[in-house]
Each structure stands twice: as structure tokens, then as C-alpha cells.
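What's in coords_28.tsv: TSV, C-alpha atoms
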chain	number	residue	atom	x	y	z
L	1	MET	CA	-10.66	-14.90	7.61
L	2	THR	CA	-11.16	-11.37	8.93
L	3	VAL	CA	-13.08	-9.05	6.60
L	4	VAL	CA	-14.50	-5.78	7.90
L	5	THR	CA	-17.21	-3.81	6.07
L	6	ALA	CA	-16.44	-0.20	5.28
L	7	SER	CA	-18.96	1.20	7.77
L	8	ARG	CA	-17.56	-0.95	10.60
L	9	HIS	CA	-13.90	-0.46	9.83
L	10	PRO	CA	-11.91	0.89	12.80
L	11	LEU	CA	-10.74	3.75	10.60
L	12	HIS	CA	-14.22	4.75	9.43
L	13	PRO	CA	-14.74	7.52	12.03
L	14	LEU	CA	-11.39	9.07	11.13
L	15	LEU	CA	-11.71	8.67	7.38
L	16	SER	CA	-15.19	10.20	7.44
L	17	ARG	CA	-13.69	13.41	8.84
L	18	ILE	CA	-11.88	13.95	5.54
L	19	THR	CA	-14.51	15.43	3.25
L	20	GLY	CA	-14.67	16.80	-0.27
L	21	ASP	CA	-13.90	15.46	-3.73
L	22	GLU	CA	-10.21	16.12	-3.23
L	23	LYS	CA	-9.84	13.07	-1.01
L	24	HIS	CA	-10.20	10.68	-4.01
L	25	ALA	CA	-12.40	8.32	-2.02
L	26	LEU	CA	-12.12	5.32	-4.36
L	27	SER	CA	-8.35	5.52	-4.57
L	28	ALA	CA	-8.04	6.00	-0.81
L	29	HIS	CA	-10.41	3.15	0.03
L	30	SER	CA	-8.53	0.70	-2.19
L	31	THR	CA	-5.51	0.93	0.14
L	32	LEU	CA	-7.40	1.07	3.43
L	33	ASP	CA	-7.11	-2.52	4.64
L	34	VAL	CA	-3.52	-3.10	3.56
L	35	LEU	CA	-2.43	0.09	5.30
L	36	TRP	CA	-4.30	-0.80	8.47
L	37	VAL	CA	-2.83	-4.31	8.67
L	38	LEU	CA	0.66	-2.98	8.02
L	39	TYR	CA	0.55	-0.43	10.82
L	40	ASP	CA	-1.58	-2.44	13.23
L	41	ARG	CA	0.07	-5.85	12.92
L	42	VAL	CA	3.34	-5.83	10.99
L	43	LEU	CA	5.45	-2.65	10.92
L	44	ARG	CA	7.97	-2.10	13.71
L	45	ILE	CA	7.47	1.64	14.00
L	46	THR	CA	5.69	3.94	16.44
L	47	PRO	CA	5.62	7.71	16.90
L	48	GLU	CA	8.36	7.25	19.51
L	49	THR	CA	10.63	5.24	17.19
L	50	ALA	CA	9.90	7.10	13.95
L	51	ASN	CA	13.47	8.41	13.76
L	52	GLU	CA	15.30	5.29	14.91
L	53	PRO	CA	17.76	4.12	12.23
L	54	ASP	CA	16.75	0.46	12.55
L	55	ARG	CA	13.00	1.06	12.19
L	56	ASP	CA	10.95	-0.62	9.48
L	57	ARG	CA	10.22	1.58	6.48
L	58	PHE	CA	6.95	2.03	4.61
L	59	LEU	CA	6.86	4.00	1.36
L	60	LEU	CA	3.54	4.99	-0.20
L	61	SER	CA	4.38	5.11	-3.89
L	62	LYS	CA	0.65	5.34	-4.68
L	63	GLY	CA	0.74	8.85	-3.27
L	64	HIS	CA	-2.42	10.26	-4.82
L	65	GLY	CA	-5.55	9.75	-2.77
L	66	PRO	CA	-3.67	9.58	0.57
L	67	ALA	CA	-6.72	9.99	2.82
L	68	ALA	CA	-6.55	6.41	4.15
L	69	TYR	CA	-2.84	6.86	4.87
L	70	TYR	CA	-3.55	10.01	6.85
L	71	ALA	CA	-6.32	8.24	8.78
L	72	VAL	CA	-3.94	5.40	9.70
L	73	LEU	CA	-1.25	7.84	10.83
L	74	ALA	CA	-3.82	9.60	13.02
L	75	ALA	CA	-5.11	6.33	14.46
L	76	LYS	CA	-1.58	5.31	15.42
L	77	GLY	CA	-0.69	8.65	16.98
L	78	PHE	CA	1.74	10.01	14.38
L	79	ILE	CA	-0.46	13.05	13.70
L	80	PRO	CA	-3.32	14.71	15.63
L	81	GLU	CA	-6.78	13.57	14.62
L	82	ASP	CA	-7.98	17.13	14.10
L	83	TRP	CA	-5.54	17.52	11.21
L	84	LEU	CA	-7.93	15.33	9.23
L	85	ASP	CA	-10.56	18.08	9.31
L	86	ASP	CA	-8.50	20.26	6.98
L	87	LEU	CA	-7.22	18.33	3.99
L	88	ALA	CA	-5.44	20.50	1.42
L	89	GLY	CA	-6.34	23.78	3.12
L	90	TRP	CA	-4.00	26.70	2.50
L	91	ASP	CA	-2.27	26.20	5.86
L	92	SER	CA	-2.86	22.44	6.23
L	93	ARG	CA	0.01	19.99	6.56
L	94	LEU	CA	-2.05	17.36	4.76
L	95	GLY	CA	-1.81	17.92	1.04
L	96	HIS	CA	-3.10	16.05	-1.99
L	97	HIS	CA	0.17	14.10	-1.82
L	98	PRO	CA	2.00	13.20	1.42
L	99	ASP	CA	4.97	15.40	2.32
L	100	ARG	CA	7.72	13.93	4.52
L	101	VAL	CA	8.80	17.39	5.68
L	102	LEU	CA	5.34	18.34	6.96
L	103	ILE	CA	3.89	15.04	8.20
L	104	PRO	CA	5.47	12.95	10.98
L	105	GLY	CA	5.87	9.29	10.04
L	106	VAL	CA	5.97	9.85	6.28
L	107	GLU	CA	9.21	8.53	4.76
L	108	ILE	CA	9.07	10.11	1.29
L	109	GLY	CA	7.03	12.68	-0.60
L	110	THR	CA	5.14	10.91	-3.39
L	111	GLY	CA	2.44	11.38	-5.98
L	112	SER	CA	4.37	11.24	-9.23
L	113	LEU	CA	3.86	7.59	-10.07
L	114	GLY	CA	6.65	5.15	-10.82
L	115	HIS	CA	9.28	6.33	-8.34
L	116	GLY	CA	8.45	4.58	-5.08
L	117	LEU	CA	9.71	1.10	-5.95
L	118	GLY	CA	13.13	2.39	-6.98
L	119	VAL	CA	13.39	4.42	-3.78
L	120	ALA	CA	12.34	1.34	-1.79
L	121	VAL	CA	15.09	-0.73	-3.40
L	122	GLY	CA	17.63	1.93	-2.44
L	123	THR	CA	16.21	2.08	1.09
L	124	ALA	CA	16.42	-1.69	1.58
L	125	LEU	CA	19.94	-1.74	0.13
L	126	GLY	CA	21.01	1.02	2.51
L	127	LEU	CA	19.61	-0.82	5.52
L	128	ARG	CA	21.49	-3.95	4.50
L	129	ALA	CA	24.73	-1.99	4.04
L	130	GLN	CA	24.39	-0.51	7.54
L	131	GLY	CA	23.89	-3.94	9.06
L	132	PHE	CA	20.21	-3.48	9.96
L	133	LEU	CA	19.32	-6.96	8.80
L	134	ASP	CA	16.08	-7.18	10.79
L	135	SER	CA	14.72	-3.91	9.40
L	136	ARG	CA	12.12	-4.40	6.69
L	137	THR	CA	11.09	-2.19	3.78
L	138	PHE	CA	7.58	-2.12	2.33
L	139	VAL	CA	6.33	-0.15	-0.66
L	140	LEU	CA	2.72	0.16	-1.84
L	141	LEU	CA	1.93	0.69	-5.52
L	142	GLY	CA	-1.15	0.82	-7.71
L	143	ASP	CA	-1.56	-1.66	-10.56
L	144	ALA	CA	-1.58	1.11	-13.17
L	145	GLU	CA	1.72	2.37	-11.78
L	146	LEU	CA	3.40	-0.75	-13.14
L	147	ASP	CA	3.02	0.77	-16.62
L	148	GLU	CA	5.91	3.09	-15.68
L	149	GLY	CA	9.16	1.65	-17.03
L	150	SER	CA	11.32	2.72	-14.09
L	151	ASN	CA	9.70	0.01	-11.97
L	152	HIS	CA	11.20	-2.78	-14.01
L	153	GLU	CA	14.80	-1.80	-13.39
L	154	ALA	CA	14.07	-1.84	-9.67
L	155	ILE	CA	12.31	-5.21	-9.94
L	156	ALA	CA	15.21	-6.77	-11.83
L	157	TYR	CA	17.88	-5.40	-9.48
L	158	ALA	CA	16.06	-6.49	-6.32
L	159	ALA	CA	15.72	-10.01	-7.72
L	160	ALA	CA	19.36	-10.18	-8.83
L	161	ILE	CA	20.71	-9.41	-5.36
L	162	GLN	CA	17.84	-11.09	-3.44
L	163	LEU	CA	17.00	-7.91	-1.59
L	164	PRO	CA	14.61	-8.39	1.37
L	165	LEU	CA	11.87	-6.06	0.16
L	166	THR	CA	8.08	-6.37	0.06
L	167	ALA	CA	6.17	-4.67	-2.76
L	168	ILE	CA	2.39	-4.47	-2.35
L	169	VAL	CA	0.37	-3.89	-5.51
L	170	ILE	CA	-3.27	-2.85	-5.12
L	171	ASP	CA	-5.14	-4.49	-7.99
L	172	ASN	CA	-8.33	-2.55	-8.72
L	173	GLN	CA	-8.05	-3.11	-12.48
L	174	SER	CA	-6.83	0.41	-13.21
L	175	SER	CA	-3.96	-0.60	-15.46
L	176	THR	CA	-4.27	0.72	-19.00
L	177	HIS	CA	-2.24	-1.95	-20.73
L	178	GLY	CA	-2.99	-5.02	-18.64
L	179	TRP	CA	-0.95	-8.20	-19.01
L	180	PRO	CA	-1.46	-11.55	-20.73
L	181	GLY	CA	-3.39	-13.97	-18.52
L	182	GLY	CA	-5.02	-11.22	-16.51
L	183	TRP	CA	-8.47	-12.77	-16.22
L	184	ASP	CA	-8.04	-16.47	-16.92
L	185	GLY	CA	-8.03	-18.39	-13.68
L	186	ALA	CA	-8.19	-15.27	-11.53
L	187	PRO	CA	-9.34	-16.09	-7.99
L	188	THR	CA	-12.60	-14.66	-6.68
L	189	TRP	CA	-13.84	-13.82	-3.20
L	190	PRO	CA	-17.30	-12.94	-1.87
L	191	GLY	CA	-18.23	-9.28	-2.27
L	192	ILE	CA	-18.09	-6.90	0.65
L	193	GLU	CA	-21.16	-4.81	1.34
L	194	GLY	CA	-20.39	-1.12	1.35
L	195	ALA	CA	-16.95	-1.55	-0.17
L	196	GLY	CA	-17.73	-0.88	-3.81
L	197	GLY	CA	-20.25	-2.66	-5.99
L	198	GLY	CA	-23.41	-4.22	-4.65
L	199	GLU	CA	-23.81	-6.86	-2.01
L	200	GLY	CA	-23.12	-10.25	-3.53
L	201	ASP	CA	-20.63	-8.89	-6.05
L	202	HIS	CA	-17.27	-10.60	-6.12
L	203	LEU	CA	-13.79	-9.25	-5.75
L	204	ARG	CA	-11.82	-10.50	-8.71
L	205	ALA	CA	-8.09	-10.56	-9.05
L	206	GLY	CA	-8.47	-8.94	-12.44
L	207	LEU	CA	-4.79	-8.56	-13.22
L	208	SER	CA	-3.49	-10.58	-10.31
L	209	VAL	CA	-2.63	-13.58	-12.44
L	210	GLY	CA	-0.67	-11.40	-14.85
L	211	ILE	CA	0.98	-8.97	-12.42
L	212	PRO	CA	3.49	-11.55	-11.08
L	213	ALA	CA	4.80	-11.96	-14.63
L	214	ARG	CA	6.26	-8.48	-14.22
L	215	PHE	CA	8.20	-9.59	-11.12
L	216	PRO	CA	10.56	-12.38	-12.24
L	217	GLY	CA	12.68	-13.72	-9.41
L	218	TRP	CA	10.25	-12.57	-6.70
L	219	SER	CA	8.10	-14.80	-4.52
L	220	VAL	CA	4.40	-13.99	-4.81
L	221	SER	CA	1.24	-13.92	-2.69
L	222	VAL	CA	-2.16	-13.07	-4.22
L	223	VAL	CA	-4.66	-12.12	-1.53
L	224	ASN	CA	-8.12	-10.73	-0.96
L	225	GLY	CA	-7.30	-7.09	-0.31
L	226	ARG	CA	-10.09	-6.90	2.29
L	227	ASP	CA	-9.13	-9.98	4.34
L	228	HIS	CA	-6.89	-8.84	7.18
L	229	ASP	CA	-5.62	-12.30	8.07
L	230	GLU	CA	-4.68	-13.11	4.47
L	231	ILE	CA	-2.93	-9.77	4.13
L	232	GLU	CA	-0.97	-10.28	7.35
L	233	ARG	CA	0.25	-13.75	6.36
L	234	ALA	CA	1.46	-12.42	3.02
L	235	LEU	CA	3.22	-9.44	4.59
L	236	ARG	CA	5.13	-11.66	7.02
L	237	VAL	CA	7.04	-13.46	4.25
L	238	THR	CA	10.68	-12.44	4.66
L	239	GLY	CA	14.18	-13.09	3.39
L	240	ARG	CA	13.82	-12.26	-0.31
L	241	PRO	CA	12.00	-9.89	-2.67
L	242	HIS	CA	8.31	-10.63	-2.17
L	243	LEU	CA	5.29	-9.39	-4.11
L	244	VAL	CA	1.87	-9.12	-2.49
L	245	VAL	CA	-0.99	-8.56	-4.94
L	246	ALA	CA	-4.05	-7.33	-3.02
L	247	ALA	CA	-7.20	-7.59	-5.13
L	248	VAL	CA	-9.96	-5.09	-4.35
L	249	GLU	CA	-13.09	-3.81	-6.07
L	250	THR	CA	-12.87	-2.29	-9.54
L	251	LYS	CA	-12.26	1.44	-9.28
Please express the file's structure as C-alpha cells.
Amino acid sequence: MTVVTASRHPLHPLLSRITGDEKHALSAHSTLDVLWVLYDRVLRITPETANEPDRDRFLLSKGHGPAAYYAVLAAKGFIPEDWLDDLAGWDSRLGHHPDRVLIPGVEIGTGSLGHGLGVAVGTALGLRAQGFLDSRTFVLLGDAELDEGSNHEAIAYAAAIQLPLTAIVIDNQSSTHGWPGGWDGAPTWPGIEGAGGGEGDHLRAGLSVGIPARFPGWSVSVVNGRDHDEIERALRVTGRPHLVVAAVETK
């Protein structure tokens, strides 16, 4: 079990450079550990291979509050660290939503919720058609984003053709409509000081029991969204559509 407090996180010095209300701190922090594990341990992509056709793909469907994403890209050398000092300035490349034209390493421009999963399905299908069978596609969504109907066509199609695709849903209990069974039997983990809530609070997979019901035909992992080892194990499941529900603190 590897859990890092917010103040000791390797991205903390970079993330702290992004100031102002426009960075949507709570939204950004909810994705921080999943993004770090993806880029630090799992994804086969570097600044030098960012245009290689057989690279792994990561799509940030949860495109609002991209500060953590920008910090990860800076930490891994895709963008200069000093870009973080000017988020959403009039001549800044880093906007409120990531832009693939302006930011190296970004695969798609996002922010309008509900589109990323469909694009990820098309991306994974295209890689398969080109014979890049070892190339993986990951997409990160928020739990509230699942209220968008377009997701369910993508979910059904990926399951029907057993597309090797990993969808990561950040569960911070933001969904408006919820899902039957959301709280009953939900796993809990010890709270993380400095990561939302007080010390001794518990992370609860608030909708994590119900979210998999929206992904019929997918394999499922429900993890502590702050435990790097748990996240890595879940992200390494391959060969079929796989859902990773990462439970974090309530927004």
C-alpha cells in the first residue's frame, strides 16, 4: 500500500505553482494520484515518443480542472515547468480545458463532458485495425459525467466487441442521479491527512458499488484512489474492456 499525503506528493511543488480560483483545486486534486500512476508507472509514452503511431493513448475526458494533468505533463517533460506559472493567461498555452493543438502530449481537447469515452472507443478500435495490438487506450472520467447518455453507447459497443480499453472513473460523489446500491456495502479506507476532510475521515466508495452496473460486460476494479499500488494493479488489467473506479474524498 503506497499512499502519499498531499503535501508530500511528488507533484506538490509543481501543482502549487498554479494559483487562483480558476484551477478548480478540488476537481484537479481528485485526479492527481491516478494521473501520476498512469504516467509514472503504466503508460508507454514519453516526450520523445509522443507522436509514434504505436504509443499508448490517454484521454482526459474530465477536462475541467486540468491543473493536475498539466503538473504531470510538466513533471514528465512534455511541457516546461514555467508554463504552470501562467494558467489561462491571455497568451498562455494552458487554458481552462486542455488543448491538443497548444499542449504537447495532449491527445484531445476536452471539457464538454460526455465525449471522451466515445472518442476512446474509436481510438482503441483504430489501433486494433492498424495492428497495434500492444498499444493501450485509457480514458479518465468523472462520476457525474456518467449521467451523459452518450457514454452508454460507447460502453455497450466496447463490451460487444471486447475492445481492450480501460476507463477510469473518479468517484468523488459528484453524480446528480446516483445509482441503486451506491452506498450499501461500499468499501472504506483510512482518511488521508491534507487530502480533503479531516484526519481520521474515511474515503468511501460512495457510488463505487453502483457505477459498475452502468458497465455491463466490462471487468471491474474498485480501488482507493489515493493508493498508488492499488491503482497500478488495476490499470495493468488487459485484454478486454476494463473499468477502474477510483474512490476519493467527497468534492
Near Tyr157 in chain L, counting all atoms listed in the file, which residues have an atom at most 12 Å away, once you skip same-chain residues fewer than 5 positions from it, shown as a PDB file with C-alpha atoms, in the frame of the given file?
ATOM      1  CA  LEU L 117       9.710   1.100  -5.950  1.00  0.00           C
ATOM      2  CA  GLY L 118      13.130   2.390  -6.980  1.00  0.00           C
ATOM      3  CA  ALA L 120      12.340   1.340  -1.790  1.00  0.00           C
ATOM      4  CA  VAL L 121      15.090  -0.730  -3.400  1.00  0.00           C
ATOM      5  CA  GLY L 122      17.630   1.930  -2.440  1.00  0.00           C
ATOM      6  CA  ALA L 124      16.420  -1.690   1.580  1.00  0.00           C
ATOM      7  CA  LEU L 125      19.940  -1.740   0.130  1.00  0.00           C
ATOM      8  CA  SER L 150      11.320   2.720 -14.090  1.00  0.00           C
ATOM      9  CA  ASN L 151       9.700   0.010 -11.970  1.00  0.00           C
ATOM     10  CA  HIS L 152      11.200  -2.780 -14.010  1.00  0.00           C
ATOM     11  CA  GLN L 162      17.840 -11.090  -3.440  1.00  0.00           C
ATOM     12  CA  LEU L 163      17.000  -7.910  -1.590  1.00  0.00           C
ATOM     13  CA  PRO L 164      14.610  -8.390   1.370  1.00  0.00           C
ATOM     14  CA  LEU L 165      11.870  -6.060   0.160  1.00  0.00           C
ATOM     15  CA  PHE L 215       8.200  -9.590 -11.120  1.00  0.00           C
ATOM     16  CA  PRO L 216      10.560 -12.380 -12.240  1.00  0.00           C
ATOM     17  CA  GLY L 217      12.680 -13.720  -9.410  1.00  0.00           C
ATOM     18  CA  TRP L 218      10.250 -12.570  -6.700  1.00  0.00           C
ATOM     19  CA  PRO L 241      12.000  -9.890  -2.670  1.00  0.00           C
TER      20      PRO L 241
END
Would you mind listing what lies within 8 Å of range 63-76 of chain L as JSON, numbers by chain, with all atoms listed in the file counted and same-chain residues fewer than 3 positions away left out? {"L": [11, 14, 15, 18, 22, 23, 24, 25, 27, 28, 29, 31, 32, 35, 36, 39, 46, 47, 60, 79, 80, 81, 84, 94, 96, 97, 98, 105, 109, 110, 111, 112, 113]}
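Minimum distance to Leu127 in chain L across L:Arg57, L:Glu148, L:Thr19, L:Arg41 (counting only C-alpha atoms) occurs at L:Arg57.
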Mind listing whatever residues come within 9 Å of the point (-4.8, -8.1, 0.5)? Use all atoms listed in the file, file coordinates, and give them as a PyMOL selection string. chain L and resi 33-34+168-170+221-232+234+244-248
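Take CA of Asn51 in chain L and CA of Ala159 in chain L: the distance between them is 28.4 Å.
What separates CA of His242 in chain L from CA of Arg100 in chain L is a distance of 25.5 Å.
Ranking L:Leu59, L:Ala154, L:Ile211, L:Leu146 by their shortest atom-to-atom distance to Gly116 in chain L, with all atoms listed in the file included, puts L:Leu59 first.
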